[in-house]
Amino acid sequence: MTANTATIQSGDITRTRKSESLWMDAWRRLIRNRAAVLGSMIILLLLLTAIFASTIAPRTFAEQVLLDNNKVPEWLLRVFPNMRDYARTTTAYPLGADYVGRDLFSRIVFGTRVSLTVALIGPLISLLIGVTFGSVSGFLGGRVDNIMMRIVDVLYAFPSLLFIILLMAFFRGTFAKPDPGSLTYGISQLDARMGGLLFIFVGIGLTAWETMARLTRGQVLSVREKEFIEAARTIGSSNLRIMFRHILPNILGPLIVAETLAIPGYISIEAFLSFIGLGVNPPTPSWGSMISDGSQVVRTYPNQVVFPALALAITMFAFNFLGDGLRDALDPRLRGTQ
(Lines give C-alpha, C1' and ligand atoms only; values in the text may rest on other atoms or scores of the structure.)
Protein backbone atom coordinates (compact mmCIF):
# COMPACT_ATOMS: atom_id res chain seq x y z
CA MET A 1 0.00 0.00 0.00
CA THR A 2 2.79 2.35 0.89
CA ALA A 3 4.69 1.53 -2.28
CA ASN A 4 1.61 2.18 -4.42
CA THR A 5 1.01 5.49 -2.68
CA ALA A 6 4.63 6.50 -3.27
CA THR A 7 4.28 5.54 -6.93
CA ILE A 8 1.12 7.61 -7.31
CA GLN A 9 2.70 10.59 -5.59
CA SER A 10 5.79 10.27 -7.77
CA GLY A 11 3.60 10.18 -10.86
CA ASP A 12 1.69 13.28 -9.71
CA ILE A 13 4.95 15.16 -9.22
CA THR A 14 6.12 14.12 -12.67
CA ARG A 15 2.86 15.23 -14.27
CA THR A 16 3.00 18.54 -12.38
CA ARG A 17 6.52 19.24 -13.59
CA LYS A 18 5.64 18.31 -17.15
CA SER A 19 2.56 20.53 -17.13
CA GLU A 20 4.54 23.58 -16.00
CA SER A 21 5.17 25.91 -18.91
CA LEU A 22 8.58 27.15 -19.95
CA TRP A 23 7.56 30.70 -19.06
CA MET A 24 6.58 29.76 -15.48
CA ASP A 25 9.79 27.82 -15.08
CA ALA A 26 11.74 30.81 -16.41
CA TRP A 27 9.90 33.15 -14.05
CA ARG A 28 10.82 31.02 -11.02
CA ARG A 29 14.45 31.00 -12.08
CA LEU A 30 14.41 34.74 -12.74
CA ILE A 31 13.10 35.74 -9.31
CA ARG A 32 15.80 33.60 -7.68
CA ASN A 33 18.46 35.63 -9.50
CA ARG A 34 19.36 38.41 -7.06
CA ALA A 35 21.17 40.55 -9.62
CA ALA A 36 18.19 40.37 -12.01
CA VAL A 37 15.76 41.26 -9.21
CA LEU A 38 17.97 44.18 -8.18
CA GLY A 39 18.12 45.37 -11.80
CA SER A 40 14.33 45.07 -12.11
CA MET A 41 13.80 47.08 -8.93
CA ILE A 42 16.12 49.83 -10.18
CA ILE A 43 14.35 49.92 -13.54
CA LEU A 44 10.96 50.11 -11.79
CA LEU A 45 12.25 52.96 -9.63
CA LEU A 46 13.54 54.78 -12.72
CA LEU A 47 10.21 54.26 -14.46
CA LEU A 48 8.32 55.75 -11.52
CA THR A 49 10.81 58.63 -11.47
CA ALA A 50 10.17 59.31 -15.15
CA ILE A 51 6.40 59.19 -14.73
CA PHE A 52 6.30 61.44 -11.66
CA ALA A 53 9.26 63.65 -12.59
CA SER A 54 7.18 66.83 -12.30
CA THR A 55 6.28 65.88 -8.72
CA ILE A 56 9.71 64.64 -7.63
CA ALA A 57 11.79 67.46 -9.11
CA PRO A 58 11.72 70.64 -6.99
CA ARG A 59 12.11 72.81 -10.12
CA THR A 60 11.52 72.57 -13.85
CA PHE A 61 14.47 71.44 -15.94
CA ALA A 62 14.72 74.79 -17.77
CA GLU A 63 14.41 77.15 -14.78
CA GLN A 64 17.49 79.38 -14.52
CA VAL A 65 18.73 81.49 -11.63
CA LEU A 66 21.87 83.10 -13.01
CA LEU A 67 22.98 84.37 -9.61
CA ASP A 68 23.12 80.76 -8.38
CA ASN A 69 25.37 79.48 -11.16
CA ASN A 70 27.86 76.80 -10.08
CA LYS A 71 26.66 76.78 -6.48
CA VAL A 72 27.21 73.51 -4.60
CA PRO A 73 25.50 71.97 -1.55
CA GLU A 74 27.37 72.15 1.74
CA TRP A 75 27.60 68.37 2.13
CA LEU A 76 29.56 68.16 -1.13
CA LEU A 77 32.50 70.01 0.43
CA ARG A 78 33.14 66.98 2.63
CA VAL A 79 33.45 64.82 -0.49
CA PHE A 80 35.55 67.33 -2.43
CA PRO A 81 37.37 69.37 0.26
CA ASN A 82 39.42 71.30 -2.34
CA MET A 83 36.24 73.14 -3.37
CA ARG A 84 36.19 75.02 -0.04
CA ASP A 85 38.66 77.55 -1.45
CA TYR A 86 36.38 78.89 -4.19
CA ALA A 87 32.93 77.26 -4.26
CA ARG A 88 29.79 79.08 -3.15
CA THR A 89 27.56 76.88 -1.01
CA THR A 90 23.78 76.68 -0.89
CA THR A 91 21.03 74.59 0.66
CA ALA A 92 18.56 75.24 -2.18
CA TYR A 93 20.04 72.67 -4.59
CA PRO A 94 20.47 69.04 -3.40
CA LEU A 95 23.21 68.29 -5.97
CA GLY A 96 24.20 71.82 -6.90
CA ALA A 97 23.48 74.12 -9.84
CA ASP A 98 25.04 74.18 -13.31
CA TYR A 99 26.75 77.02 -15.14
CA VAL A 100 23.50 78.92 -15.77
CA GLY A 101 21.91 78.23 -12.39
CA ARG A 102 19.73 75.22 -13.27
CA ASP A 103 19.07 72.59 -10.61
CA LEU A 104 21.17 69.50 -11.34
CA PHE A 105 18.88 67.18 -9.40
CA SER A 106 15.80 68.32 -11.31
CA ARG A 107 17.56 67.95 -14.65
CA ILE A 108 18.75 64.44 -13.77
CA VAL A 109 15.21 63.48 -12.78
CA PHE A 110 13.74 64.80 -16.03
CA GLY A 111 16.63 63.23 -17.96
CA THR A 112 15.32 59.84 -16.85
CA ARG A 113 12.44 60.32 -19.27
CA VAL A 114 14.79 60.64 -22.23
CA SER A 115 16.88 57.57 -21.41
CA LEU A 116 13.91 55.34 -20.58
CA THR A 117 12.03 56.46 -23.69
CA VAL A 118 15.01 55.42 -25.80
CA ALA A 119 15.24 52.18 -23.78
CA LEU A 120 11.61 51.37 -24.65
CA ILE A 121 11.23 52.68 -28.20
CA GLY A 122 14.60 51.43 -29.47
CA PRO A 123 13.86 47.72 -28.82
CA LEU A 124 10.32 48.05 -30.19
CA ILE A 125 11.63 49.43 -33.48
CA SER A 126 14.36 46.80 -33.64
CA LEU A 127 11.93 43.96 -32.91
CA LEU A 128 9.30 45.19 -35.34
CA ILE A 129 11.67 45.56 -38.29
CA GLY A 130 14.24 42.89 -37.42
CA VAL A 131 11.84 40.10 -36.51
CA THR A 132 9.67 40.74 -39.57
CA PHE A 133 12.65 40.87 -41.94
CA GLY A 134 14.43 37.88 -40.40
CA SER A 135 11.29 35.76 -40.19
CA VAL A 136 10.43 36.25 -43.86
CA SER A 137 14.03 35.56 -44.88
CA GLY A 138 14.41 32.41 -42.80
CA PHE A 139 10.98 30.98 -43.53
CA LEU A 140 11.02 31.45 -47.30
CA GLY A 141 14.68 30.51 -47.75
CA GLY A 142 16.28 30.04 -51.15
CA ARG A 143 16.92 33.04 -53.37
CA VAL A 144 14.73 35.34 -51.27
CA ASP A 145 16.77 34.52 -48.19
CA ASN A 146 20.02 35.08 -50.06
CA ILE A 147 18.98 38.51 -51.38
CA MET A 148 17.57 39.69 -48.06
CA MET A 149 20.67 38.62 -46.13
CA ARG A 150 22.96 40.34 -48.60
CA ILE A 151 21.05 43.56 -47.92
CA VAL A 152 21.65 43.04 -44.21
CA ASP A 153 25.35 42.33 -44.83
CA VAL A 154 25.77 45.59 -46.76
CA LEU A 155 24.08 47.60 -44.00
CA TYR A 156 25.90 45.69 -41.28
CA ALA A 157 29.29 46.38 -42.83
CA PHE A 158 28.91 50.14 -42.32
CA PRO A 159 29.81 51.32 -38.77
CA SER A 160 26.49 51.85 -36.99
CA LEU A 161 27.58 54.76 -34.81
CA LEU A 162 29.14 56.62 -37.72
CA PHE A 163 26.01 55.99 -39.79
CA ILE A 164 23.81 57.40 -37.00
CA ILE A 165 26.04 60.47 -36.67
CA LEU A 166 25.77 61.12 -40.42
CA LEU A 167 22.01 60.62 -40.29
CA MET A 168 21.63 63.02 -37.36
CA ALA A 169 23.79 65.62 -39.09
CA PHE A 170 21.66 65.24 -42.23
CA PHE A 171 18.38 65.51 -40.31
CA ARG A 172 19.51 68.51 -38.29
CA GLY A 173 20.67 70.30 -41.44
CA THR A 174 17.66 69.41 -43.60
CA PHE A 175 15.02 70.27 -41.01
CA ALA A 176 16.75 73.32 -39.53
CA LYS A 177 14.77 75.98 -41.45
CA PRO A 178 11.83 74.32 -43.22
CA ASP A 179 9.20 76.24 -45.15
CA PRO A 180 5.98 76.69 -43.13
CA GLY A 181 3.21 74.38 -44.31
CA SER A 182 5.53 71.84 -45.90
CA LEU A 183 6.01 68.21 -44.86
CA THR A 184 9.49 68.97 -43.52
CA TYR A 185 8.00 71.75 -41.40
CA GLY A 186 5.48 69.33 -39.87
CA ILE A 187 8.21 66.79 -39.13
CA SER A 188 10.40 69.51 -37.66
CA GLN A 189 7.59 70.66 -35.36
CA LEU A 190 6.94 67.09 -34.23
CA ASP A 191 10.63 66.64 -33.46
CA ALA A 192 10.62 69.92 -31.52
CA ARG A 193 7.64 68.81 -29.44
CA MET A 194 9.48 65.57 -28.66
CA GLY A 195 12.56 67.49 -27.58
CA GLY A 196 14.66 66.21 -30.48
CA LEU A 197 13.97 62.52 -29.85
CA LEU A 198 12.20 61.84 -33.15
CA PHE A 199 15.35 61.84 -35.26
CA ILE A 200 17.18 59.79 -32.61
CA PHE A 201 14.48 57.13 -32.91
CA VAL A 202 14.78 57.21 -36.70
CA GLY A 203 18.57 56.88 -36.51
CA ILE A 204 18.41 53.97 -34.07
CA GLY A 205 15.59 52.32 -36.01
CA LEU A 206 17.54 52.38 -39.28
CA THR A 207 20.61 50.72 -37.75
CA ALA A 208 19.53 48.57 -34.80
CA TRP A 209 17.48 45.94 -36.61
CA GLU A 210 20.25 44.21 -38.59
CA THR A 211 21.48 42.12 -35.65
CA MET A 212 17.91 41.21 -34.71
CA ALA A 213 17.19 40.18 -38.31
CA ARG A 214 20.20 37.87 -38.35
CA LEU A 215 19.29 36.33 -35.01
CA THR A 216 15.65 35.85 -36.02
CA ARG A 217 16.64 34.23 -39.32
CA GLY A 218 18.91 31.78 -37.52
CA GLN A 219 16.22 30.88 -35.02
CA VAL A 220 13.61 30.39 -37.75
CA LEU A 221 15.97 28.16 -39.74
CA SER A 222 16.59 26.00 -36.67
CA VAL A 223 12.88 25.59 -35.90
CA ARG A 224 11.17 25.36 -39.29
CA GLU A 225 12.36 21.78 -39.95
CA LYS A 226 11.27 20.42 -36.56
CA GLU A 227 8.79 17.57 -36.38
CA PHE A 228 5.94 19.68 -35.01
CA ILE A 229 6.28 22.09 -37.95
CA GLU A 230 6.11 19.18 -40.39
CA ALA A 231 3.03 17.93 -38.54
CA ALA A 232 1.38 21.34 -38.85
CA ARG A 233 2.06 21.35 -42.60
CA THR A 234 0.65 17.83 -42.89
CA ILE A 235 -2.70 18.82 -41.40
CA GLY A 236 -2.95 21.76 -43.79
CA SER A 237 -1.93 24.74 -41.64
CA SER A 238 -1.21 27.89 -43.62
CA ASN A 239 2.21 29.53 -43.63
CA LEU A 240 0.91 32.46 -41.56
CA ARG A 241 -0.53 30.11 -38.94
CA ILE A 242 2.69 28.12 -38.79
CA MET A 243 4.72 31.31 -38.38
CA PHE A 244 2.58 33.01 -35.73
CA ARG A 245 1.29 29.94 -33.89
CA HIS A 246 4.26 27.58 -33.95
CA ILE A 247 7.53 29.30 -34.92
CA LEU A 248 7.43 32.75 -33.28
CA PRO A 249 6.33 31.52 -29.81
CA ASN A 250 9.27 29.10 -29.82
CA ILE A 251 11.91 31.70 -30.70
CA LEU A 252 10.72 34.63 -28.58
CA GLY A 253 12.96 33.74 -25.64
CA PRO A 254 16.34 34.35 -27.32
CA LEU A 255 14.97 37.44 -29.11
CA ILE A 256 13.76 39.04 -25.86
CA VAL A 257 17.06 38.29 -24.15
CA ALA A 258 19.09 39.73 -27.03
CA GLU A 259 17.03 42.90 -27.16
CA THR A 260 17.16 43.39 -23.39
CA LEU A 261 20.94 43.11 -23.50
CA ALA A 262 20.98 45.64 -26.38
CA ILE A 263 19.09 48.32 -24.39
CA PRO A 264 22.23 49.73 -22.70
CA GLY A 265 23.65 50.21 -26.19
CA TYR A 266 20.64 52.31 -27.22
CA ILE A 267 20.95 54.42 -24.08
CA SER A 268 24.67 54.96 -24.67
CA ILE A 269 24.03 55.97 -28.30
CA GLU A 270 21.55 58.65 -27.19
CA ALA A 271 23.95 59.84 -24.49
CA PHE A 272 26.83 60.01 -26.95
CA LEU A 273 24.78 61.90 -29.54
CA SER A 274 23.70 64.39 -26.89
CA PHE A 275 27.30 64.64 -25.68
CA ILE A 276 28.51 65.75 -29.12
CA GLY A 277 25.53 68.05 -29.69
CA LEU A 278 23.51 65.88 -32.11
CA GLY A 279 21.02 64.53 -29.58
CA VAL A 280 18.09 66.17 -27.83
CA ASN A 281 17.34 69.85 -28.33
CA PRO A 282 18.33 72.24 -25.53
CA PRO A 283 17.08 72.84 -22.90
CA THR A 284 15.64 69.30 -22.86
CA PRO A 285 17.80 67.49 -20.29
CA SER A 286 19.80 64.46 -21.33
CA TRP A 287 22.42 62.81 -19.18
CA GLY A 288 24.77 62.89 -22.16
CA SER A 289 24.43 66.65 -22.65
CA MET A 290 24.78 67.19 -18.89
CA ILE A 291 28.02 65.20 -18.90
CA SER A 292 29.21 67.29 -21.85
CA ASP A 293 28.47 70.53 -20.00
CA GLY A 294 30.03 69.22 -16.80
CA SER A 295 33.18 68.06 -18.55
CA GLN A 296 34.03 71.71 -19.21
CA VAL A 297 34.37 72.34 -15.46
CA VAL A 298 35.25 68.86 -14.21
CA ARG A 299 38.34 70.10 -12.35
CA THR A 300 36.54 72.84 -10.46
CA TYR A 301 32.94 71.54 -10.16
CA PRO A 302 33.12 67.73 -10.51
CA ASN A 303 29.55 67.34 -9.23
CA GLN A 304 28.23 68.60 -12.57
CA VAL A 305 29.66 65.56 -14.38
CA VAL A 306 29.77 62.91 -11.64
CA PHE A 307 26.05 62.78 -10.81
CA PRO A 308 24.65 62.48 -14.37
CA ALA A 309 27.40 59.96 -15.14
CA LEU A 310 26.35 57.91 -12.09
CA ALA A 311 22.70 58.02 -13.21
CA LEU A 312 23.71 56.81 -16.66
CA ALA A 313 25.95 54.06 -15.28
CA ILE A 314 23.35 52.78 -12.79
CA THR A 315 20.68 52.63 -15.51
CA MET A 316 22.92 50.69 -17.89
CA PHE A 317 23.99 48.30 -15.13
CA ALA A 318 20.34 47.67 -14.21
CA PHE A 319 19.42 46.67 -17.77
CA ASN A 320 22.55 44.51 -18.00
CA PHE A 321 21.63 42.70 -14.78
CA LEU A 322 18.08 42.12 -16.03
CA GLY A 323 19.32 40.94 -19.43
CA ASP A 324 21.76 38.47 -17.87
CA GLY A 325 19.01 37.17 -15.61
CA LEU A 326 16.61 36.71 -18.53
CA ARG A 327 19.30 34.89 -20.50
CA ASP A 328 19.85 32.43 -17.66
CA ALA A 329 16.12 32.04 -16.99
CA LEU A 330 15.13 31.41 -20.61
CA ASP A 331 18.01 29.09 -21.48
CA PRO A 332 16.28 25.75 -22.23
CA ARG A 333 19.39 23.85 -21.12
CA LEU A 334 18.84 25.13 -17.56
CA ARG A 335 15.17 24.22 -17.39
CA GLY A 336 14.33 22.09 -14.36
CA THR A 337 17.67 22.75 -12.67
CA GLN A 338 18.27 24.63 -9.45
# chains A, B, ... in the order shown; residues from 1 in each chain; ligands from 1

call {"tool": "residues_around", "arguments": {"residues": "region 248-264 of chain A", "least_positions_apart": "6", "cutoff": "9 Å", "atoms": "only C-alpha atoms", "output": "PDB file with N, CA and C atoms, in the first residue's frame"}}
result
ATOM      1  N   VAL A 118      14.129  56.092 -24.839  1.00  0.00           N
ATOM      2  CA  VAL A 118      15.009  55.418 -25.799  1.00  0.00           C
ATOM      3  C   VAL A 118      15.092  53.937 -25.485  1.00  0.00           C
ATOM      4  N   ALA A 119      15.142  53.583 -24.188  1.00  0.00           N
ATOM      5  CA  ALA A 119      15.238  52.180 -23.784  1.00  0.00           C
ATOM      6  C   ALA A 119      13.990  51.386 -24.153  1.00  0.00           C
ATOM      7  N   LEU A 120      12.842  52.057 -24.291  1.00  0.00           N
ATOM      8  CA  LEU A 120      11.606  51.370 -24.649  1.00  0.00           C
ATOM      9  C   LEU A 120      11.340  51.393 -26.154  1.00  0.00           C
ATOM     10  N   GLY A 122      13.551  52.073 -28.686  1.00  0.00           N
ATOM     11  CA  GLY A 122      14.605  51.427 -29.472  1.00  0.00           C
ATOM     12  C   GLY A 122      14.371  49.939 -29.687  1.00  0.00           C
ATOM     13  N   PRO A 123      14.134  49.150 -28.625  1.00  0.00           N
ATOM     14  CA  PRO A 123      13.864  47.722 -28.821  1.00  0.00           C
ATOM     15  C   PRO A 123      12.598  47.443 -29.616  1.00  0.00           C
ATOM     16  N   LEU A 124      11.567  48.269 -29.432  1.00  0.00           N
ATOM     17  CA  LEU A 124      10.324  48.052 -30.186  1.00  0.00           C
ATOM     18  C   LEU A 124      10.567  48.204 -31.688  1.00  0.00           C
ATOM     19  N   SER A 126      13.485  47.888 -33.225  1.00  0.00           N
ATOM     20  CA  SER A 126      14.361  46.799 -33.639  1.00  0.00           C
ATOM     21  C   SER A 126      13.592  45.496 -33.788  1.00  0.00           C
ATOM     22  N   LEU A 127      12.713  45.192 -32.832  1.00  0.00           N
ATOM     23  CA  LEU A 127      11.934  43.955 -32.907  1.00  0.00           C
ATOM     24  C   LEU A 127      10.963  43.986 -34.075  1.00  0.00           C
ATOM     25  N   VAL A 131      12.549  41.380 -36.565  1.00  0.00           N
ATOM     26  CA  VAL A 131      11.839  40.097 -36.509  1.00  0.00           C
ATOM     27  C   VAL A 131      11.062  39.860 -37.793  1.00  0.00           C
ATOM     28  N   SER A 135      12.250  36.859 -40.091  1.00  0.00           N
ATOM     29  CA  SER A 135      11.288  35.761 -40.195  1.00  0.00           C
ATOM     30  C   SER A 135      10.963  35.437 -41.649  1.00  0.00           C
ATOM     31  N   MET A 212      19.135  41.945 -35.025  1.00  0.00           N
ATOM     32  CA  MET A 212      17.912  41.210 -34.712  1.00  0.00           C
ATOM     33  C   MET A 212      17.429  40.394 -35.900  1.00  0.00           C
ATOM     34  N   LEU A 215      19.628  37.265 -36.085  1.00  0.00           N
ATOM     35  CA  LEU A 215      19.289  36.328 -35.015  1.00  0.00           C
ATOM     36  C   LEU A 215      17.954  35.646 -35.290  1.00  0.00           C
ATOM     37  N   THR A 216      16.966  36.422 -35.730  1.00  0.00           N
ATOM     38  CA  THR A 216      15.650  35.847 -36.024  1.00  0.00           C
ATOM     39  C   THR A 216      15.736  34.840 -37.148  1.00  0.00           C
ATOM     40  N   GLN A 219      17.167  31.611 -35.850  1.00  0.00           N
ATOM     41  CA  GLN A 219      16.220  30.881 -35.018  1.00  0.00           C
ATOM     42  C   GLN A 219      15.127  30.224 -35.867  1.00  0.00           C
ATOM     43  N   VAL A 220      14.643  30.952 -36.877  1.00  0.00           N
ATOM     44  CA  VAL A 220      13.605  30.387 -37.753  1.00  0.00           C
ATOM     45  C   VAL A 220      14.149  29.182 -38.514  1.00  0.00           C
ATOM     46  N   VAL A 223      14.170  26.105 -36.371  1.00  0.00           N
ATOM     47  CA  VAL A 223      12.882  25.595 -35.898  1.00  0.00           C
ATOM     48  C   VAL A 223      12.006  25.081 -37.039  1.00  0.00           C
ATOM     49  N   ILE A 242       1.470  28.785 -39.253  1.00  0.00           N
ATOM     50  CA  ILE A 242       2.692  28.121 -38.795  1.00  0.00           C
ATOM     51  C   ILE A 242       3.660  29.141 -38.206  1.00  0.00           C
ATOM     52  N   THR A 315      21.734  53.074 -14.590  1.00  0.00           N
ATOM     53  CA  THR A 315      20.683  52.626 -15.513  1.00  0.00           C
ATOM     54  C   THR A 315      21.186  51.531 -16.437  1.00  0.00           C
ATOM     55  N   MET A 316      22.380  51.693 -16.981  1.00  0.00           N
ATOM     56  CA  MET A 316      22.924  50.691 -17.891  1.00  0.00           C
ATOM     57  C   MET A 316      23.233  49.390 -17.149  1.00  0.00           C
ATOM     58  N   PHE A 317      23.747  49.497 -15.920  1.00  0.00           N
ATOM     59  CA  PHE A 317      23.995  48.301 -15.125  1.00  0.00           C
ATOM     60  C   PHE A 317      22.688  47.561 -14.832  1.00  0.00           C
ATOM     61  N   ALA A 318      21.628  48.298 -14.525  1.00  0.00           N
ATOM     62  CA  ALA A 318      20.343  47.674 -14.208  1.00  0.00           C
ATOM     63  C   ALA A 318      19.830  46.852 -15.387  1.00  0.00           C
ATOM     64  N   PHE A 319      19.888  47.416 -16.594  1.00  0.00           N
ATOM     65  CA  PHE A 319      19.422  46.672 -17.765  1.00  0.00           C
ATOM     66  C   PHE A 319      20.348  45.492 -18.079  1.00  0.00           C
ATOM     67  N   ASN A 320      21.636  45.645 -17.814  1.00  0.00           N
ATOM     68  CA  ASN A 320      22.552  44.513 -18.004  1.00  0.00           C
ATOM     69  C   ASN A 320      22.240  43.381 -17.040  1.00  0.00           C
ATOM     70  N   PHE A 321      21.982  43.721 -15.770  1.00  0.00           N
ATOM     71  CA  PHE A 321      21.633  42.701 -14.781  1.00  0.00           C
ATOM     72  C   PHE A 321      20.354  41.976 -15.183  1.00  0.00           C
ATOM     73  N   LEU A 322      19.346  42.730 -15.610  1.00  0.00           N
ATOM     74  CA  LEU A 322      18.081  42.123 -16.028  1.00  0.00           C
ATOM     75  C   LEU A 322      18.289  41.247 -17.262  1.00  0.00           C
ATOM     76  N   GLY A 323      19.067  41.728 -18.222  1.00  0.00           N
ATOM     77  CA  GLY A 323      19.320  40.941 -19.427  1.00  0.00           C
ATOM     78  C   GLY A 323      20.052  39.643 -19.126  1.00  0.00           C
ATOM     79  N   ASP A 324      21.053  39.687 -18.253  1.00  0.00           N
ATOM     80  CA  ASP A 324      21.765  38.468 -17.869  1.00  0.00           C
ATOM     81  C   ASP A 324      20.833  37.492 -17.165  1.00  0.00           C
ATOM     82  N   GLY A 325      19.955  38.038 -16.303  1.00  0.00           N
ATOM     83  CA  GLY A 325      19.005  37.170 -15.612  1.00  0.00           C
ATOM     84  C   GLY A 325      18.016  36.518 -16.567  1.00  0.00           C
ATOM     85  N   LEU A 326      17.524  37.281 -17.529  1.00  0.00           N
ATOM     86  CA  LEU A 326      16.610  36.712 -18.525  1.00  0.00           C
ATOM     87  C   LEU A 326      17.304  35.650 -19.371  1.00  0.00           C
ATOM     88  N   ARG A 327      18.568  35.877 -19.708  1.00  0.00           N
ATOM     89  CA  ARG A 327      19.302  34.891 -20.495  1.00  0.00           C
ATOM     90  C   ARG A 327      19.419  33.570 -19.734  1.00  0.00           C
ATOM     91  N   LEU A 330      15.769  31.926 -19.396  1.00  0.00           N
ATOM     92  CA  LEU A 330      15.125  31.414 -20.607  1.00  0.00           C
ATOM     93  C   LEU A 330      15.989  30.413 -21.365  1.00  0.00           C
ATOM     94  N   ASP A 331      17.155  30.083 -20.827  1.00  0.00           N
ATOM     95  CA  ASP A 331      18.010  29.089 -21.482  1.00  0.00           C
ATOM     96  C   ASP A 331      17.390  27.708 -21.301  1.00  0.00           C
TER      97      ASP A 331
END

call {"tool": "residues_around", "arguments": {"residues": "region 139-153 of chain A", "least_positions_apart": "4", "cutoff": "8 Å", "atoms": "only C-alpha atoms", "output": "NGL selection string"}}
result
:A and (133 or 135 or 157 or 210 or 213-214 or 217 or 220-221 or 224)

call {"tool": "residues_around", "arguments": {"residues": "Ala87 (chain A)", "least_positions_apart": "3", "cutoff": "8 Å", "atoms": "only C-alpha atoms", "output": "list in words"}}
result
Asn70, Lys71, Val72, Met83 and Arg84 of chain A

call {"tool": "residues_around", "arguments": {"residues": "Arg299 (chain A)", "least_positions_apart": "6", "cutoff": "12 Å", "atoms": "only C-alpha atoms", "output": "PyMOL selection string"}}
result
chain A and resi 80+82-83+305-306

call {"tool": "atom_distance", "arguments": {"atom1": "CA of Ile200 (chain A)", "atom2": "CA of Phe105 (chain A)"}}
result
24.4 Å

call {"tool": "select_by_dssp", "arguments": {"residues": "region 29-94 of chain A", "states": "strand (DSSP E or B)", "output": "PyMOL selection string"}}
result
chain A and resi 72-73+89-90

call {"tool": "atom_distance", "arguments": {"atom1": "CA of Asp328 (chain A)", "atom2": "CA of Leu38 (chain A)"}}
result
15.2 Å

call {"tool": "residues_around", "arguments": {"residues": "Phe199 (chain A)", "least_positions_apart": "4", "cutoff": "8 Å", "atoms": "only C-alpha atoms", "output": "list in words"}}
result
Met168, Phe171, Asp191 and Gly203 of chain A

call {"tool": "select_by_dssp", "arguments": {"residues": "region 247-289 of chain A", "states": "helix (DSSP H, G or I)", "output": "PyMOL selection string"}}
result
chain A and resi 247-275+287-289

call {"tool": "closest_residue", "arguments": {"among": "A:Val136, A:Ala35, A:Pro282, A:Ile129", "to": "Leu240 (chain A)", "atoms": "only C-alpha atoms"}}
result
A:Val136
